[in-house]
$ cat entry-v9.csv   # CSV, C-alpha atoms
chain,number,residue,atom,x,y,z
G,1,MET,CA,-34.4,-4.6,-17.9
G,2,ARG,CA,-31.2,-2.7,-17.8
G,3,LYS,CA,-28.1,-4.6,-16.6
G,4,ALA,CA,-24.4,-3.9,-16.7
G,5,VAL,CA,-22.4,-6.2,-18.9
G,6,ASN,CA,-18.6,-6.5,-18.9
G,7,ASP,CA,-16.4,-7.3,-21.9
G,8,ILE,CA,-14.0,-9.6,-20.0
G,9,ASP,CA,-11.5,-9.7,-22.8
G,10,ARG,CA,-10.9,-5.9,-22.5
G,11,CYS,CA,-11.4,-5.5,-18.7
G,12,VAL,CA,-8.1,-4.6,-16.9
G,13,ALA,CA,-9.5,-5.6,-13.5
G,14,CYS,CA,-8.6,-2.2,-11.9
G,15,GLY,CA,-11.7,-2.5,-9.6
G,16,ILE,CA,-13.1,1.0,-9.8
G,17,CYS,CA,-16.5,-0.4,-10.9
G,18,ASN,CA,-16.5,-2.7,-7.8
G,19,ASN,CA,-15.5,0.3,-5.7
G,20,GLN,CA,-18.3,2.5,-7.1
G,21,CYS,CA,-21.2,0.1,-7.4
G,22,PRO,CA,-23.8,1.2,-4.8
G,23,ARG,CA,-25.3,-2.3,-4.7
G,24,GLY,CA,-22.1,-4.2,-4.3
G,25,ALA,CA,-23.1,-6.2,-7.4
G,26,ILE,CA,-19.6,-6.2,-9.0
G,27,SER,CA,-16.7,-8.4,-7.9
G,28,ILE,CA,-13.3,-9.0,-9.4
G,29,PHE,CA,-12.9,-12.6,-10.4
G,30,LYS,CA,-9.4,-13.8,-9.3
G,31,GLY,CA,-7.7,-10.6,-10.4
G,32,CYS,CA,-8.7,-11.3,-14.0
G,33,PHE,CA,-11.9,-9.3,-14.8
G,34,ALA,CA,-15.0,-7.8,-13.2
G,35,VAL,CA,-18.1,-9.9,-12.9
G,36,VAL,CA,-21.6,-8.4,-12.5
G,37,ASP,CA,-24.1,-10.2,-10.4
G,38,GLU,CA,-27.1,-9.7,-12.6
G,39,ALA,CA,-29.6,-10.5,-9.8
G,40,MET,CA,-28.2,-7.5,-7.8
G,41,CYS,CA,-27.5,-5.1,-10.7
G,42,VAL,CA,-30.1,-2.3,-11.1
G,43,GLY,CA,-28.6,-0.9,-14.2
G,44,CYS,CA,-27.8,2.5,-12.7
G,45,GLY,CA,-24.7,3.0,-14.9
G,46,ILE,CA,-22.4,4.3,-12.3
G,47,CYS,CA,-19.8,1.6,-13.2
G,48,GLU,CA,-20.0,2.5,-16.9
G,49,LYS,CA,-19.2,6.1,-16.1
G,50,ALA,CA,-16.3,5.2,-13.9
G,51,CYS,CA,-14.8,2.5,-16.2
G,52,PRO,CA,-11.6,3.9,-17.8
G,53,VAL,CA,-11.5,1.1,-20.4
G,54,GLY,CA,-15.1,1.3,-21.5
G,55,SER,CA,-15.5,-2.4,-21.1
G,56,ILE,CA,-18.5,-2.3,-18.8
G,57,LYS,CA,-21.7,-1.1,-20.4
G,58,VAL,CA,-25.3,-1.0,-19.3
G,59,ASN,CA,-27.5,-2.8,-21.9
G,60,ASP,CA,-31.2,-3.1,-22.3
G,61,ARG,CA,-32.0,-6.8,-22.0
G,62,ARG,CA,-35.7,-7.3,-22.6
G,63,ASN,CA,-35.7,-11.0,-22.2
G,64,ALA,CA,-33.3,-11.3,-19.4
T,1,MET,CA,-16.3,5.6,-3.4
T,2,ALA,CA,-20.0,5.9,-3.7
T,3,LYS,CA,-21.3,8.4,-1.1
T,4,ASN,CA,-23.5,5.8,0.6
T,5,LYS,CA,-20.7,3.4,1.3
T,6,ALA,CA,-18.7,3.2,4.5
T,7,LYS,CA,-15.2,4.4,4.2
T,8,HIS,CA,-12.3,2.2,5.2
T,9,TRP,CA,-8.8,3.2,6.3
T,10,TYR,CA,-7.5,2.1,2.9
T,11,ASP,CA,-9.7,4.6,1.1
T,12,TYR,CA,-7.3,7.3,2.2
T,13,LEU,CA,-4.1,5.8,0.8
T,14,TRP,CA,-4.1,8.5,-1.9
T,15,ILE,CA,-2.6,10.7,0.9
T,16,TRP,CA,0.4,8.2,1.0
T,17,SER,CA,1.1,9.1,-2.7
T,18,ILE,CA,1.4,12.7,-1.9
T,19,ILE,CA,3.5,12.1,1.2
T,20,TYR,CA,5.8,9.9,-0.8
T,21,PHE,CA,6.6,12.7,-3.3
T,22,ALA,CA,6.9,15.3,-0.5
T,23,LEU,CA,9.4,13.1,1.3
T,24,GLY,CA,11.5,12.5,-1.8
T,25,PHE,CA,11.6,16.2,-2.5
T,26,PHE,CA,13.4,16.7,0.8
T,27,ASN,CA,15.5,13.5,1.0
T,28,ILE,CA,15.9,11.2,-2.0
T,29,LEU,CA,16.5,8.2,0.3
T,30,PHE,CA,12.8,8.1,0.9
T,31,ALA,CA,12.3,7.2,-2.7
T,32,TRP,CA,13.2,3.6,-1.7
T,33,LEU,CA,9.8,3.5,0.1
T,34,GLY,CA,8.3,3.3,-3.5
T,35,LEU,CA,9.4,-0.3,-3.7
T,36,ILE,CA,6.4,-1.0,-1.5
T,37,ASP,CA,4.2,-0.1,-4.5
T,38,PHE,CA,6.2,-2.6,-6.6
T,39,ILE,CA,6.5,-5.5,-4.2
T,40,VAL,CA,3.0,-5.5,-2.5
T,41,PRO,CA,1.0,-5.9,-5.7
T,42,LEU,CA,3.3,-8.8,-6.8
T,43,ILE,CA,2.8,-10.5,-3.5
T,44,PHE,CA,-1.0,-10.1,-3.8
T,45,ALA,CA,-0.9,-11.5,-7.3
T,46,ILE,CA,1.6,-14.4,-6.8
T,47,ALA,CA,0.4,-15.5,-3.4
T,48,GLY,CA,-3.2,-14.6,-3.5
T,49,GLY,CA,-4.0,-14.7,-7.2
T,50,ASN,CA,-5.8,-11.3,-6.9
T,51,LYS,CA,-5.5,-7.7,-7.8
T,52,ASN,CA,-6.5,-6.4,-4.3
T,53,PHE,CA,-3.7,-3.9,-4.5
T,54,CYS,CA,-5.2,-2.2,-7.6
T,55,ASN,CA,-8.7,-2.8,-6.3
T,56,ARG,CA,-8.2,-1.4,-2.8
T,57,TYR,CA,-4.8,-0.3,-1.8
T,58,CYS,CA,-3.3,1.6,-4.7
T,59,GLY,CA,-2.7,5.2,-3.6
T,60,ARG,CA,-1.9,6.3,-7.1
T,61,GLY,CA,-5.2,5.1,-8.6
T,62,GLN,CA,-7.0,6.7,-5.7
T,63,LEU,CA,-5.2,10.0,-6.2
T,64,PHE,CA,-6.3,10.1,-9.8
T,65,TRP,CA,-9.9,9.4,-8.6
T,66,VAL,CA,-9.8,12.1,-6.0
T,67,LEU,CA,-8.3,14.7,-8.3
T,68,GLY,CA,-10.3,13.7,-11.4
T,69,ARG,CA,-13.7,13.0,-9.8
T,70,THR,CA,-13.9,14.8,-6.5
T,71,LEU,CA,-12.0,17.9,-7.7
T,72,LYS,CA,-13.4,17.6,-11.2
T,73,LEU,CA,-10.0,17.8,-12.9
T,74,SER,CA,-10.9,15.2,-15.5
T,75,ARG,CA,-12.8,15.6,-18.8
T,76,LYS,CA,-14.2,12.1,-18.1
T,77,LYS,CA,-14.1,11.2,-21.8
T,78,GLN,CA,-13.5,7.7,-23.0
T,79,ALA,CA,-9.9,7.2,-24.0
T,80,PRO,CA,-9.2,5.7,-27.4
T,81,GLY,CA,-9.3,1.9,-27.5
T,82,TRP,CA,-5.6,1.4,-28.3
T,83,ILE,CA,-4.6,2.8,-24.9
T,84,SER,CA,-6.1,-0.3,-23.2
T,85,SER,CA,-5.3,-2.7,-26.0
T,86,LYS,CA,-3.1,-5.7,-25.2
T,87,TRP,CA,-0.3,-4.8,-27.5
T,88,PHE,CA,0.0,-1.3,-26.0
T,89,ARG,CA,-0.3,-2.6,-22.4
T,90,TYR,CA,2.4,-5.2,-22.9
T,91,GLY,CA,4.4,-2.9,-25.0
T,92,PHE,CA,4.4,-0.2,-22.3
T,93,LEU,CA,5.2,-2.9,-19.7
T,94,THR,CA,8.2,-3.9,-21.8
T,95,PHE,CA,9.4,-0.3,-22.2
T,96,PHE,CA,8.9,0.4,-18.5
T,97,MET,CA,10.9,-2.7,-17.5
T,98,THR,CA,13.7,-1.8,-19.9
T,99,MET,CA,13.9,1.6,-18.4
T,100,PHE,CA,13.8,0.1,-15.0
T,101,GLY,CA,16.7,-2.2,-16.0
T,102,SER,CA,18.7,0.8,-17.3
T,103,MET,CA,18.1,2.6,-14.0
T,104,ILE,CA,19.4,-0.5,-12.1
T,105,PHE,CA,22.4,-0.5,-14.4
T,106,GLN,CA,23.1,3.2,-13.7
T,107,THR,CA,22.9,2.3,-10.0
T,108,TYR,CA,25.4,-0.5,-10.6
T,109,LEU,CA,27.8,1.8,-12.4
T,110,VAL,CA,27.8,4.1,-9.3
T,111,PHE,CA,28.3,1.0,-7.1
T,112,ALA,CA,31.2,-0.2,-9.2
T,113,GLY,CA,32.7,3.3,-9.1
T,114,THR,CA,32.6,3.7,-12.9
T,115,SER,CA,30.1,6.5,-12.7
T,116,SER,CA,29.6,9.2,-10.1
T,117,LEU,CA,26.4,10.1,-8.3
T,118,ARG,CA,24.1,12.4,-10.4
T,119,LYS,CA,21.7,14.5,-8.3
T,120,VAL,CA,19.1,14.8,-11.0
T,121,ILE,CA,15.6,13.6,-11.6
T,122,LYS,CA,15.0,12.5,-15.2
T,123,LEU,CA,11.4,13.2,-16.3
T,124,PHE,CA,9.8,11.2,-19.1
T,125,TRP,CA,13.2,9.4,-19.4
T,126,THR,CA,14.5,12.5,-21.2
T,127,PHE,CA,14.4,15.8,-19.3
T,128,LYS,CA,17.0,16.3,-16.5
T,129,VAL,CA,15.8,18.3,-13.6
T,130,PRO,CA,18.4,19.3,-10.9
T,131,TRP,CA,17.5,17.8,-7.5
T,132,LYS,CA,20.6,18.7,-5.5
T,133,TRP,CA,18.8,19.8,-2.3
T,134,ALA,CA,17.4,16.3,-1.8
T,135,TYR,CA,20.8,14.7,-0.9
T,136,ASN,CA,23.8,15.9,1.1
T,137,GLY,CA,25.5,12.6,1.9
T,138,SER,CA,24.5,10.0,4.4
T,139,ILE,CA,25.8,6.9,6.1
T,140,PHE,CA,25.0,4.9,3.0
T,141,PRO,CA,27.3,4.6,-0.1
T,142,ASP,CA,26.5,6.7,-3.1
T,143,PHE,CA,24.7,4.0,-5.1
T,144,VAL,CA,21.9,3.9,-2.5
T,145,ALA,CA,21.2,7.6,-3.3
T,146,GLN,CA,21.6,6.9,-7.1
T,147,PHE,CA,18.9,4.3,-6.9
T,148,GLY,CA,16.7,6.8,-5.0
T,149,PHE,CA,17.1,9.4,-7.8
T,150,GLY,CA,16.4,6.8,-10.5
T,151,PHE,CA,13.4,5.3,-8.7
T,152,TYR,CA,11.9,8.7,-7.8
T,153,SER,CA,12.3,9.8,-11.5
T,154,LEU,CA,10.3,6.7,-12.5
T,155,MET,CA,7.6,7.2,-9.9
T,156,LEU,CA,7.3,10.9,-10.8
T,157,THR,CA,7.2,10.3,-14.5
T,158,SER,CA,4.5,7.6,-14.2
T,159,THR,CA,2.4,9.9,-12.0
T,160,LEU,CA,2.8,12.8,-14.5
T,161,ILE,CA,1.7,10.5,-17.4
T,162,GLY,CA,-1.2,9.3,-15.2
T,163,LEU,CA,-2.2,12.9,-14.4
T,164,ILE,CA,-2.1,13.9,-18.1
T,165,VAL,CA,-4.4,10.9,-19.1
T,166,MET,CA,-6.6,11.6,-16.1
T,167,ALA,CA,-7.2,15.2,-17.3
T,168,LEU,CA,-7.7,14.2,-20.9
T,169,TYR,CA,-9.7,11.1,-20.5
T,170,LYS,CA,-11.4,9.1,-17.6
T,171,GLU,CA,-10.1,9.5,-14.1
T,172,ARG,CA,-8.3,6.2,-13.9
T,173,THR,CA,-7.1,5.9,-17.5
T,174,TRP,CA,-3.6,5.3,-16.1
T,175,CYS,CA,-4.8,2.0,-14.6
T,176,THR,CA,-5.6,0.7,-18.1
T,177,PHE,CA,-1.9,0.6,-19.0
T,178,CYS,CA,-0.2,0.8,-15.6
T,179,PRO,CA,2.8,-1.7,-15.9
T,180,MET,CA,2.1,-3.1,-12.4
T,181,GLY,CA,-1.6,-3.6,-13.3
T,182,THR,CA,-0.7,-5.3,-16.5
T,183,MET,CA,1.9,-7.5,-14.8
T,184,THR,CA,-0.4,-8.5,-11.9
T,185,GLN,CA,-3.4,-9.2,-14.2
T,186,GLY,CA,-1.1,-11.4,-16.3
T,187,ILE,CA,0.0,-13.3,-13.3
T,188,CYS,CA,-3.6,-13.7,-12.1
T,189,LYS,CA,-4.8,-15.0,-15.5
T,190,LEU,CA,-2.0,-17.5,-15.6
T,191,LYS,CA,-2.8,-18.7,-12.0
T,192,ALA,CA,-6.6,-18.8,-12.7
T,193,GLY,CA,-5.9,-20.7,-16.0
T,194,ASN,CA,-3.8,-23.3,-14.2
T,195,GLU,CA,-6.4,-23.7,-11.4
T,196,LEU,CA,-9.2,-24.2,-14.0
T,197,GLU,CA,-7.0,-26.8,-15.8
T,198,ASN,CA,-6.3,-28.7,-12.6
T,199,ALA,CA,-9.8,-28.6,-11.4

$ encode --input "entry-v9.csv" --output "structure tokens"
Amino acid sequence: MRKAVNDIDRCVACGICNNQCPRGAISIFKGCFAVVDEAMCVGCGICEKACPVGSIKVNDRRNA
Amino acid sequence: MAKNKAKHWYDYLWIWSIIYFALGFFNILFAWLGLIDFIVPLIFAIAGGNKNFCNRYCGRGQLFWVLGRTLKLSRKKQAPGWISSKWFRYGFLTFFMTMFGSMIFQTYLVFAGTSSLRKVIKLFWTFKVPWKWAYNGSIFPDFVAQFGFGFYSLMLTSTLIGLIVMALYKERTWCTFCPMGTMTQGICKLKAGNELENA
């Protein structure tokens, strides 16, 4: 299963991923970093393409 | 915005960015309106503990997205990691605030009568561009206009830096080291940290 994963230490919380996510699966936690709702994420990678930091990545998670 | 999402009024705030620079071109006193972009994000961060300004209402970020993504003016290449590293972000914030302070001091000198009003825009804190047409006196004292020239210089310079990194890297690369973004995220992290401790 492919899911977006965010490196919260590098994330700048700009919110473009939240803006672009067609599923509404990403929220910005208290202005600190983006959080992906894995139940809603379909791994489309739109957030990864938009992220200017490169902190959000779609990973293949076989056992997730 | 993704194509299948409903548009909100605030998705068009990029138009405000363009209007701001157009107004300041004709009358420098309009540069004062840029303070909105300084105060509103801080209110969101301090009172709300969020980055809703960056996330929804920042016309600057939206402008880079419209130009970079919609008009395809961005290479969409990942910027080098140091641009979004903590030391660069906080370093740039420090530099930016120092330059802001020096601009305030320049305004003070005009207020105190030590310095006279200079009708120039300073780009990249270095290059002086004549901007005489934007001010021919008003009911306000000269220091009000001096602040306008200084603030407009700052706004224009940061937009130009943003446009350069937009073209070279990803659309919203500016957001990764935007001083306001760094400041508001810092405030939010402090607030969230305190809340977690007190919980």

$ residues_near_point --input "entry-v9.csv" --point "(4.1, -3.5, -16.0)" --cutoff "8 Å" --atoms "all atoms listed in the file" --output "PyMOL selection string"
chain T and resi 89-90+92-94+96-97+177-184

$ write_last_selection --input "entry-v9.csv" --atoms "C-alpha atoms" --output "compact mmCIF listing (two decimals), keeping the file's coordinate frame"
# COMPACT_ATOMS: atom_id res chain seq x y z
CA ARG T 89 -0.30 -2.60 -22.40
CA TYR T 90 2.40 -5.20 -22.90
CA PHE T 92 4.40 -0.20 -22.30
CA LEU T 93 5.20 -2.90 -19.70
CA THR T 94 8.20 -3.90 -21.80
CA PHE T 96 8.90 0.40 -18.50
CA MET T 97 10.90 -2.70 -17.50
CA PHE T 177 -1.90 0.60 -19.00
CA CYS T 178 -0.20 0.80 -15.60
CA PRO T 179 2.80 -1.70 -15.90
CA MET T 180 2.10 -3.10 -12.40
CA GLY T 181 -1.60 -3.60 -13.30
CA THR T 182 -0.70 -5.30 -16.50
CA MET T 183 1.90 -7.50 -14.80
CA THR T 184 -0.40 -8.50 -11.90

$ closest_residue --input "entry-v9.csv" --among "G:Cys51, G:Val42, G:Met1, G:Cys32" --to "Asn18 in chain G" --atoms "all atoms listed in the file"
G:Cys51

$ atom_distance --input "entry-v9.csv" --atom1 "CA of Phe143 in chain T" --atom2 "CA of Pro130 in chain T"
17.5 Å

$ closest_residue --input "entry-v9.csv" --among "G:Ala50, G:Cys44, G:Ala13, G:Ile8" --to "Ala25 in chain G" --atoms "all atoms listed in the file"
G:Cys44

$ residues_around --input "entry-v9.csv" --residues "Cys47 in chain G" --least-positions-apart "3" --cutoff "9 Å" --atoms "only C-alpha atoms" --output "ChimeraX atom specification"
/G:4,16-21,26,44,50-51,56-58

$ residues_near_point --input "entry-v9.csv" --point "(28.5, 10.5, -3.7)" --cutoff "12 Å" --atoms "only C-alpha atoms" --output "MDAnalysis selection string"
chainID T and resid 107 110:111 113 115:119 132 135:147
